[in-house]
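K.L.:
Contents of entry-v3.cif (mmCIF, C-alpha atoms) are below:
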data_run
#
loop_
_atom_site.group_PDB
_atom_site.id
_atom_site.type_symbol
_atom_site.label_atom_id
_atom_site.label_comp_id
_atom_site.auth_asym_id
_atom_site.auth_seq_id
_atom_site.Cartn_x
_atom_site.Cartn_y
_atom_site.Cartn_z
ATOM 1 C CA MET A 1095 -8.912 45.412 -20.157
ATOM 2 C CA THR A 1096 -10.637 47.661 -17.603
ATOM 3 C CA LEU A 1097 -8.463 49.161 -14.892
ATOM 4 C CA PRO A 1098 -9.170 48.010 -11.314
ATOM 5 C CA SER A 1099 -8.578 51.558 -10.031
ATOM 6 C CA ALA A 1100 -9.111 55.030 -11.483
ATOM 7 C CA HIS A 1101 -5.890 56.382 -9.962
ATOM 8 C CA VAL A 1102 -2.766 54.690 -11.332
ATOM 9 C CA HIS A 1103 0.734 55.681 -10.270
ATOM 10 C CA GLY A 1104 2.988 53.010 -11.742
ATOM 11 C CA VAL A 1105 3.195 50.038 -14.079
ATOM 12 C CA GLY A 1106 5.874 47.429 -14.709
ATOM 13 C CA VAL A 1107 6.584 43.885 -15.813
ATOM 14 C CA ASP A 1108 7.943 41.477 -13.192
ATOM 15 C CA PRO A 1109 10.849 39.475 -14.709
ATOM 16 C CA ALA A 1110 9.888 36.589 -12.426
ATOM 17 C CA ASP A 1111 6.644 35.849 -14.286
ATOM 18 C CA GLY A 1112 6.499 38.265 -17.223
ATOM 19 C CA LEU A 1113 3.185 39.681 -15.988
ATOM 20 C CA VAL A 1114 2.172 43.324 -15.898
ATOM 21 C CA HIS A 1115 1.823 44.793 -12.402
ATOM 22 C CA LEU A 1116 -0.222 47.932 -11.759
ATOM 23 C CA ALA A 1117 0.371 50.217 -8.761
ATOM 24 C CA SER A 1118 -2.722 52.203 -7.849
ATOM 25 C CA HIS A 1119 -4.574 54.183 -5.200
ATOM 26 C CA ASP A 1120 -6.213 50.875 -4.251
ATOM 27 C CA GLY A 1121 -3.051 48.773 -4.041
ATOM 28 C CA LEU A 1122 -1.053 46.503 -6.331
ATOM 29 C CA PHE A 1123 -2.640 44.346 -9.028
ATOM 30 C CA ARG A 1124 -1.096 41.576 -11.128
ATOM 31 C CA PHE A 1125 -2.624 41.103 -14.579
ATOM 32 C CA GLU A 1126 -3.079 37.403 -15.217
ATOM 33 C CA PRO A 1127 -4.733 35.998 -18.390
ATOM 34 C CA SER A 1128 -8.048 35.931 -16.520
ATOM 35 C CA GLY A 1129 -7.762 39.561 -15.414
ATOM 36 C CA PRO A 1130 -6.355 41.669 -12.563
ATOM 37 C CA VAL A 1131 -5.636 40.007 -9.222
ATOM 38 C CA ARG A 1132 -4.949 42.010 -6.085
ATOM 39 C CA VAL A 1133 -1.520 41.376 -4.572
ATOM 40 C CA GLY A 1134 -0.674 42.068 -0.943
ATOM 41 C CA PRO A 1135 -2.163 44.640 1.451
ATOM 42 C CA VAL A 1136 -4.122 47.736 0.415
ATOM 43 C CA ILE A 1137 -1.586 50.555 0.092
ATOM 44 C CA ASP A 1138 -2.071 53.813 -1.805
ATOM 45 C CA LEU A 1139 1.011 53.316 -3.973
ATOM 46 C CA MET A 1140 2.102 56.790 -5.039
ATOM 47 C CA GLY A 1141 5.523 55.576 -6.198
ATOM 48 C CA PHE A 1142 6.390 52.127 -7.526
ATOM 49 C CA SER A 1143 9.383 50.426 -9.148
ATOM 50 C CA ILE A 1144 10.280 46.875 -10.119
ATOM 51 C CA ALA A 1145 13.953 46.441 -9.260
ATOM 52 C CA GLY A 1146 14.310 42.765 -10.243
ATOM 53 C CA PRO A 1147 12.479 39.427 -10.154
ATOM 54 C CA ASP A 1148 9.841 39.669 -7.387
ATOM 55 C CA HIS A 1149 11.792 42.671 -6.027
ATOM 56 C CA PHE A 1150 9.729 45.867 -5.752
ATOM 57 C CA TYR A 1151 10.128 49.309 -4.172
ATOM 58 C CA ALA A 1152 7.189 51.561 -3.351
ATOM 59 C CA SER A 1153 5.982 54.567 -1.400
ATOM 60 C CA GLY A 1154 2.654 56.099 -0.466
ATOM 61 C CA HIS A 1155 0.061 55.742 2.281
ATOM 62 C CA PRO A 1156 -1.362 52.751 4.166
ATOM 63 C CA GLY A 1157 -4.904 51.651 3.404
ATOM 64 C CA PRO A 1158 -7.508 50.519 5.947
ATOM 65 C CA GLY A 1159 -6.224 47.709 8.141
ATOM 66 C CA THR A 1160 -2.642 48.018 6.900
ATOM 67 C CA ASP A 1161 -0.104 48.351 9.708
ATOM 68 C CA LEU A 1162 2.359 50.791 8.164
ATOM 69 C CA PRO A 1163 3.326 54.383 9.051
ATOM 70 C CA ASP A 1164 1.763 57.288 7.151
ATOM 71 C CA PRO A 1165 3.411 58.103 4.841
ATOM 72 C CA VAL A 1166 5.129 54.751 4.489
ATOM 73 C CA GLY A 1167 8.485 56.181 3.367
ATOM 74 C CA LEU A 1168 10.385 53.682 1.247
ATOM 75 C CA ILE A 1169 9.061 50.131 1.473
ATOM 76 C CA GLU A 1170 10.398 46.986 -0.177
ATOM 77 C CA SER A 1171 8.929 43.661 -1.243
ATOM 78 C CA ARG A 1172 11.016 40.587 -2.019
ATOM 79 C CA ASP A 1173 8.018 38.333 -2.737
ATOM 80 C CA GLY A 1174 6.320 40.051 -5.656
ATOM 81 C CA GLY A 1175 4.280 42.471 -3.545
ATOM 82 C CA ALA A 1176 2.716 39.910 -1.203
ATOM 83 C CA THR A 1177 4.396 41.536 1.808
ATOM 84 C CA TRP A 1178 6.193 44.835 2.346
ATOM 85 C CA THR A 1179 8.964 45.904 4.716
ATOM 86 C CA PRO A 1180 9.663 49.550 5.666
ATOM 87 C CA LEU A 1181 13.268 50.482 4.850
ATOM 88 C CA SER A 1182 13.565 54.177 5.687
ATOM 89 C CA ARG A 1183 11.940 57.616 5.998
ATOM 90 C CA GLU A 1184 8.804 56.198 7.631
ATOM 91 C CA GLY A 1185 6.393 59.016 8.458
ATOM 92 C CA GLU A 1186 8.553 61.436 6.431
ATOM 93 C CA SER A 1187 8.588 60.706 2.707
ATOM 94 C CA ASP A 1188 5.831 60.148 0.168
ATOM 95 C CA PHE A 1189 7.841 59.526 -3.001
ATOM 96 C CA HIS A 1190 5.568 60.474 -5.906
ATOM 97 C CA ALA A 1191 8.398 59.630 -8.313
ATOM 98 C CA LEU A 1192 10.473 56.531 -7.593
ATOM 99 C CA ASP A 1193 12.768 54.184 -9.471
ATOM 100 C CA GLY A 1194 15.355 51.650 -8.446
ATOM 101 C CA SER A 1195 17.416 48.582 -9.202
ATOM 102 C CA SER A 1196 19.667 46.236 -7.271
ATOM 103 C CA ALA A 1197 22.276 49.026 -7.336
ATOM 104 C CA GLY A 1198 20.230 51.793 -5.753
ATOM 105 C CA VAL A 1199 17.048 53.850 -5.463
ATOM 106 C CA VAL A 1200 16.165 57.427 -6.429
ATOM 107 C CA GLY A 1201 13.001 59.151 -5.245
ATOM 108 C CA PHE A 1202 11.363 62.574 -5.283
ATOM 109 C CA ASP A 1203 9.309 63.702 -2.268
ATOM 110 C CA GLY A 1204 9.693 67.433 -2.826
ATOM 111 C CA ALA A 1205 13.450 66.909 -2.895
ATOM 112 C CA LEU A 1206 15.400 64.495 -5.093
ATOM 113 C CA ARG A 1207 17.159 61.820 -3.031
ATOM 114 C CA ALA A 1208 19.356 58.823 -3.847
ATOM 115 C CA SER A 1209 20.293 55.755 -1.828
ATOM 116 C CA THR A 1210 22.511 52.767 -2.533
ATOM 117 C CA ASP A 1211 20.840 50.595 0.123
ATOM 118 C CA GLY A 1212 17.374 52.123 0.593
ATOM 119 C CA ARG A 1213 18.250 53.261 4.097
ATOM 120 C CA GLU A 1214 20.802 56.086 3.934
ATOM 121 C CA TRP A 1215 19.994 58.927 1.528
ATOM 122 C CA THR A 1216 21.923 61.672 -0.270
ATOM 123 C CA SER A 1217 20.220 64.839 -1.488
ATOM 124 C CA LEU A 1218 20.653 65.637 -5.194
ATOM 125 C CA GLU A 1219 20.355 69.006 -6.926
ATOM 126 C CA PRO A 1220 19.054 68.703 -10.497
ATOM 127 C CA PRO A 1221 18.643 71.909 -12.541
ATOM 128 C CA VAL A 1222 14.883 71.301 -12.855
ATOM 129 C CA ARG A 1223 12.040 70.305 -10.562
ATOM 130 C CA PRO A 1224 11.429 66.617 -11.368
ATOM 131 C CA TYR A 1225 8.023 65.293 -12.332
ATOM 132 C CA SER A 1226 9.058 61.711 -13.097
ATOM 133 C CA LEU A 1227 12.376 59.907 -13.176
ATOM 134 C CA ALA A 1228 14.186 56.834 -14.437
ATOM 135 C CA VAL A 1229 17.372 55.196 -13.173
ATOM 136 C CA SER A 1230 19.727 52.867 -15.044
ATOM 137 C CA ALA A 1231 20.449 49.360 -13.774
ATOM 138 C CA ASP A 1232 23.816 50.444 -12.365
ATOM 139 C CA ALA A 1233 22.169 53.518 -10.768
ATOM 140 C CA ARG A 1234 24.698 55.865 -12.374
ATOM 141 C CA THR A 1235 22.475 57.452 -15.024
ATOM 142 C CA ILE A 1236 19.370 59.334 -13.890
ATOM 143 C CA VAL A 1237 16.865 60.942 -16.246
ATOM 144 C CA VAL A 1238 14.261 63.335 -14.841
ATOM 145 C CA THR A 1239 11.397 65.065 -16.631
ATOM 146 C CA SER A 1240 10.162 68.583 -15.976
ATOM 147 C CA GLU A 1241 8.078 71.415 -17.425
ATOM 148 C CA SER A 1242 11.239 72.767 -19.082
ATOM 149 C CA GLY A 1243 12.332 69.438 -20.565
ATOM 150 C CA PRO A 1244 14.363 66.468 -19.363
ATOM 151 C CA ALA A 1245 17.686 66.593 -17.546
ATOM 152 C CA ARG A 1246 20.151 63.791 -16.915
ATOM 153 C CA SER A 1247 23.115 62.822 -14.792
ATOM 154 C CA THR A 1248 25.656 60.150 -15.676
ATOM 155 C CA ASP A 1249 27.495 60.181 -12.340
ATOM 156 C CA ALA A 1250 24.739 59.132 -9.922
ATOM 157 C CA GLY A 1251 23.409 62.649 -9.511
ATOM 158 C CA ARG A 1252 26.616 64.532 -8.735
ATOM 159 C CA THR A 1253 26.415 66.683 -11.884
ATOM 160 C CA TRP A 1254 23.552 67.398 -14.262
ATOM 161 C CA ALA A 1255 22.805 68.760 -17.717
ATOM 162 C CA GLN A 1256 19.559 69.474 -19.502
ATOM 163 C CA VAL A 1257 19.067 67.447 -22.663
ATOM 164 C CA PRO A 1258 19.154 69.612 -25.812
ATOM 165 C CA GLN A 1259 16.599 68.960 -28.561
ATOM 166 C CA ALA A 1260 14.805 66.343 -26.457
ATOM 167 C CA PRO A 1261 11.024 66.056 -26.638
ATOM 168 C CA LEU A 1262 9.016 67.488 -23.758
ATOM 169 C CA LEU A 1263 8.657 64.184 -21.948
ATOM 170 C CA VAL A 1264 6.288 63.705 -19.034
ATOM 171 C CA LEU A 1265 7.112 60.082 -18.101
ATOM 172 C CA VAL A 1266 10.271 58.001 -18.613
ATOM 173 C CA ASP A 1267 11.521 54.496 -17.821
ATOM 174 C CA PHE A 1268 14.790 52.628 -18.385
ATOM 175 C CA VAL A 1269 14.161 49.443 -20.328
ATOM 176 C CA GLN A 1270 14.674 46.245 -18.322
ATOM 177 C CA GLY A 1271 16.429 43.327 -19.976
ATOM 178 C CA GLY A 1272 18.632 43.242 -23.046
ATOM 179 C CA SER A 1273 22.397 43.480 -23.027
ATOM 180 C CA GLY A 1274 23.111 47.192 -23.199
ATOM 181 C CA GLY A 1275 20.956 48.666 -20.457
ATOM 182 C CA SER A 1276 21.003 52.076 -22.175
ATOM 183 C CA GLU A 1277 17.480 52.179 -23.629
ATOM 184 C CA VAL A 1278 14.900 54.574 -22.207
ATOM 185 C CA VAL A 1279 11.241 54.915 -23.191
ATOM 186 C CA GLY A 1280 9.236 58.078 -22.675
ATOM 187 C CA VAL A 1281 5.978 59.759 -23.553
ATOM 188 C CA THR A 1282 4.998 63.397 -24.099
ATOM 189 C CA PRO A 1283 1.862 65.103 -22.741
ATOM 190 C CA ASP A 1284 0.152 64.659 -26.121
ATOM 191 C CA GLY A 1285 0.903 60.935 -26.322
ATOM 192 C CA VAL A 1286 3.997 60.731 -28.512
ATOM 193 C CA VAL A 1287 6.057 57.687 -27.503
ATOM 194 C CA ALA A 1288 9.812 58.220 -27.848
ATOM 195 C CA VAL A 1289 12.797 55.920 -27.384
ATOM 196 C CA SER A 1290 16.412 56.709 -26.507
ATOM 197 C CA GLU A 1291 19.162 54.198 -27.241
ATOM 198 C CA ASP A 1292 21.906 56.172 -25.468
ATOM 199 C CA ALA A 1293 20.577 56.503 -21.910
ATOM 200 C CA GLY A 1294 18.485 59.585 -22.563
ATOM 201 C CA ALA A 1295 20.998 61.704 -24.495
ATOM 202 C CA THR A 1296 19.091 61.611 -27.800
ATOM 203 C CA TRP A 1297 15.529 60.600 -28.657
ATOM 204 C CA ARG A 1298 13.519 59.323 -31.609
ATOM 205 C CA ASP A 1299 9.730 59.334 -31.916
ATOM 206 C CA ARG A 1300 8.226 55.866 -32.387
ATOM 207 C CA GLY A 1301 4.452 56.036 -32.146
ATOM 208 C CA ARG A 1302 1.513 57.777 -30.564
ATOM 209 C CA ILE A 1303 -1.404 56.945 -28.311
ATOM 210 C CA GLU A 1304 -4.600 58.795 -27.505
ATOM 211 C CA GLY A 1305 -5.533 59.895 -24.025
ATOM 212 C CA SER A 1306 -3.637 61.059 -20.976
ATOM 213 C CA VAL A 1307 -0.852 58.677 -19.971
ATOM 214 C CA GLN A 1308 -0.537 57.890 -16.263
ATOM 215 C CA ALA A 1309 2.342 55.392 -16.315
ATOM 216 C CA ILE A 1310 4.865 53.806 -18.689
ATOM 217 C CA SER A 1311 7.373 50.952 -18.610
ATOM 218 C CA GLY A 1312 9.732 49.266 -21.047
ATOM 219 C CA THR A 1313 11.165 45.731 -21.121
ATOM 220 C CA ARG A 1314 12.979 43.482 -23.560
ATOM 221 C CA THR A 1315 11.097 40.247 -24.131
ATOM 222 C CA ASP A 1316 12.785 36.839 -24.271
ATOM 223 C CA ASP A 1317 12.864 37.067 -28.072
ATOM 224 C CA GLY A 1318 14.538 40.466 -27.961
ATOM 225 C CA GLU A 1319 11.561 42.664 -28.836
ATOM 226 C CA LEU A 1320 11.094 45.989 -27.055
ATOM 227 C CA GLN A 1321 7.807 45.865 -25.140
ATOM 228 C CA VAL A 1322 6.279 49.158 -24.025
ATOM 229 C CA VAL A 1323 3.345 49.230 -21.600
ATOM 230 C CA VAL A 1324 1.357 52.392 -20.925
ATOM 231 C CA VAL A 1325 -1.707 53.205 -18.831
ATOM 232 C CA ASP A 1326 -3.918 55.813 -20.491
ATOM 233 C CA GLY A 1327 -6.452 56.389 -17.718
ATOM 234 C CA GLU A 1328 -8.977 53.860 -19.016
ATOM 235 C CA THR A 1329 -7.009 50.760 -19.925
ATOM 236 C CA ILE A 1330 -3.557 49.228 -20.220
ATOM 237 C CA LEU A 1331 -2.011 49.354 -23.685
ATOM 238 C CA ARG A 1332 0.930 47.239 -24.802
ATOM 239 C CA SER A 1333 3.290 47.521 -27.746
ATOM 240 C CA THR A 1334 5.498 44.625 -28.837
ATOM 241 C CA ASP A 1335 7.059 46.506 -31.753
ATOM 242 C CA GLY A 1336 9.076 49.083 -29.866
ATOM 243 C CA GLY A 1337 6.301 51.596 -29.295
ATOM 244 C CA ARG A 1338 5.123 51.933 -32.891
ATOM 245 C CA SER A 1339 1.651 50.470 -32.333
ATOM 246 C CA PHE A 1340 -0.400 49.617 -29.254
ATOM 247 C CA SER A 1341 -3.291 47.330 -28.390
ATOM 248 C CA PRO A 1342 -5.198 46.777 -25.147
ATOM 249 C CA LEU A 1343 -3.859 44.171 -22.740
ATOM 250 C CA PRO A 1344 -3.798 41.192 -23.195
ATOM 251 C CA GLY A 1345 -3.129 42.304 -26.799
#
Render the structure in this file as structure tokens.
P.N.:
Amino acid sequence: MTLPSAHVHGVGVDPADGLVHLASHDGLFRFEPSGPVRVGPVIDLMGFSIAGPDHFYASGHPGPGTDLPDPVGLIESRDGGATWTPLSREGESDFHALDGSSAGVVGFDGALRASTDGREWTSLEPPVRPYSLAVSADARTIVVTSESGPARSTDAGRTWAQVPQAPLLVLVDFVQGGSGGSEVVGVTPDGVVAVSEDAGATWRDRGRIEGSVQAISGTRTDDGELQVVVVDGETILRSTDGGRSFSPLPG
């Protein structure tokens, strides 16, 4: 399926409808069986996270005719992206890396910051400069990627350690759904898809894709299968066998 925008900054599956949502330079798109449908106002979504059913966080810049500050700071939608409400750091933060859940939000805008309510923020000091990040459902475990490899915190960012023998991951995402909440999916610069079953402490290669990956997400389907969705710059690819093989959406 052809992408509706050449610049993609995030992808995820909304638990409310099970549909893939794409965050791009040209706004948010929901991928229905008939194809992509624009959702909500035009916002250059530099950071994007699905925190729960119809509950999204984002950051970036307002598009033409959109009445939001520039940069928008942290914005929130409770209606699946139809409308957005500024929460904090309006005119200050453009979070290029962003992830969150009902327990909290972590974002990187040149500095790594964490918030339990999306309004008041605490500065964190990881041992690397983050490129992307993933946060567990309870917001206690944070995994960040960097040029020198991933690092992780298991105490909400108070202390950190680099992950020995981990692949050089570029993008990561905690898997939504399932009972454990400790699965993380990631991808390397050369397209190797890896999975961690212990919240990013150890990793195992699963499969490989061609092309440069722009975004990744992981979810557990209703039948318990690990679904991995990646955007490779030209299309959306989906795996329903835990990242071993991929096919273009709708699959």
K.L.:
Could you give me, as a PDB file with C-alpha atoms, in the coordinates of the input, the residues within 6 Å of segment 1260-1267 of chain A, counting all atoms listed in the file and dropping anything in the same chain fewer than 3 positions from it?
P.N.:
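Once written, part-v7.pdb looks like this:
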ATOM      1  CA  SER A1226       9.058  61.711 -13.097  1.00  0.00           C
ATOM      2  CA  ALA A1228      14.186  56.834 -14.437  1.00  0.00           C
ATOM      3  CA  THR A1239      11.397  65.065 -16.631  1.00  0.00           C
ATOM      4  CA  GLY A1243      12.332  69.438 -20.565  1.00  0.00           C
ATOM      5  CA  VAL A1257      19.067  67.447 -22.663  1.00  0.00           C
ATOM      6  CA  VAL A1278      14.900  54.574 -22.207  1.00  0.00           C
ATOM      7  CA  VAL A1279      11.241  54.915 -23.191  1.00  0.00           C
ATOM      8  CA  GLY A1280       9.236  58.078 -22.675  1.00  0.00           C
ATOM      9  CA  VAL A1281       5.978  59.759 -23.553  1.00  0.00           C
ATOM     10  CA  THR A1282       4.998  63.397 -24.099  1.00  0.00           C
ATOM     11  CA  PRO A1283       1.862  65.103 -22.741  1.00  0.00           C
ATOM     12  CA  SER A1311       7.373  50.952 -18.610  1.00  0.00           C
TER      13      SER A1311
END
K.L.:
Take the PyMOL selection byres ((chain A and resi 1334-1339) around 9), apply it to the structure above, and return the hits as a compact mmCIF listing (two decimals) with C-alpha atoms, in the frame of the given file.
P.N.:
# COMPACT_ATOMS: atom_id res chain seq x y z
CA VAL A 1279 11.24 54.92 -23.19
CA VAL A 1287 6.06 57.69 -27.50
CA ALA A 1288 9.81 58.22 -27.85
CA VAL A 1289 12.80 55.92 -27.38
CA ASP A 1299 9.73 59.33 -31.92
CA ARG A 1300 8.23 55.87 -32.39
CA GLY A 1301 4.45 56.04 -32.15
CA ARG A 1302 1.51 57.78 -30.56
CA ILE A 1303 -1.40 56.94 -28.31
CA GLY A 1312 9.73 49.27 -21.05
CA THR A 1315 11.10 40.25 -24.13
CA GLU A 1319 11.56 42.66 -28.84
CA LEU A 1320 11.09 45.99 -27.06
CA GLN A 1321 7.81 45.86 -25.14
CA VAL A 1322 6.28 49.16 -24.02
CA VAL A 1323 3.34 49.23 -21.60
CA ARG A 1332 0.93 47.24 -24.80
CA SER A 1333 3.29 47.52 -27.75
CA PHE A 1340 -0.40 49.62 -29.25
CA SER A 1341 -3.29 47.33 -28.39
K.L.:
Between atom CA of Ala1152 of chain A and atom CA of Ser1306 of chain A, what distance in Å does the model show, to one decimal?
P.N.:
22.8 Å
K.L.:
I need the residue nearest Ala1295 of chain A from this list: A:Val1237, A:Val1269, A:Leu1116, A:Val1133. Use only C-alpha atoms for the distance.
P.N.:
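Answer, going by the shortest atom-to-atom distance: A:Val1237.
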K.L.:
What is the atom CA of Ile1310 of chain A to atom CA of Ser1187 of chain A distance in Å?
P.N.:
22.8 Å
K.L.:
Taking the file as shown, what set of residues would the PyMOL selection byres ((chain A and resi 1293) around 9) give back, as a PyMOL selection string?
P.N.:
chain A and resi 1230+1235-1237+1246+1248+1268+1275-1278+1290-1292+1294-1296
K.L.:
Could the residues in this selection be written to a file with C-alpha atoms, as a JSON list (two decimals), in the frame of the given file?
P.N.:
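To be explicit, this is the file written out as result21.json:
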[["chain", "number", "residue", "atom", "x", "y", "z"],
["A", 1230, "SER", "CA", 19.73, 52.87, -15.04],
["A", 1235, "THR", "CA", 22.48, 57.45, -15.02],
["A", 1236, "ILE", "CA", 19.37, 59.33, -13.89],
["A", 1237, "VAL", "CA", 16.86, 60.94, -16.25],
["A", 1246, "ARG", "CA", 20.15, 63.79, -16.92],
["A", 1248, "THR", "CA", 25.66, 60.15, -15.68],
["A", 1268, "PHE", "CA", 14.79, 52.63, -18.39],
["A", 1275, "GLY", "CA", 20.96, 48.67, -20.46],
["A", 1276, "SER", "CA", 21.00, 52.08, -22.18],
["A", 1277, "GLU", "CA", 17.48, 52.18, -23.63],
["A", 1278, "VAL", "CA", 14.90, 54.57, -22.21],
["A", 1290, "SER", "CA", 16.41, 56.71, -26.51],
["A", 1291, "GLU", "CA", 19.16, 54.20, -27.24],
["A", 1292, "ASP", "CA", 21.91, 56.17, -25.47],
["A", 1294, "GLY", "CA", 18.48, 59.58, -22.56],
["A", 1295, "ALA", "CA", 21.00, 61.70, -24.50],
["A", 1296, "THR", "CA", 19.09, 61.61, -27.80]]
K.L.:
Hey, can you pull every residue with an atom no more than 8 Å from (-1.0, 51.3, -8.6), using only C-alpha atoms, and send it as an MDAnalysis selection string?
P.N.:
chainID A and resid 1099 1101:1105 1116:1123 1138:1140 1142
K.L.:
Could you check the closest approach to Gln1270 of chain A for each of A:Leu1181, A:Ala1145, A:Ala1197, A:Leu1168 and tell me which residue wins, using only C-alpha atoms?
P.N.:
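Looking only at the distances to Gln1270 of chain A, the closest residue turns out to be A:Ala1145.
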K.L.:
Can you work out the spacing between atom CA of Ile1137 of chain A and atom CA of Glu1219 of chain A in Å, to one decimal?
P.N.:
29.5 Å
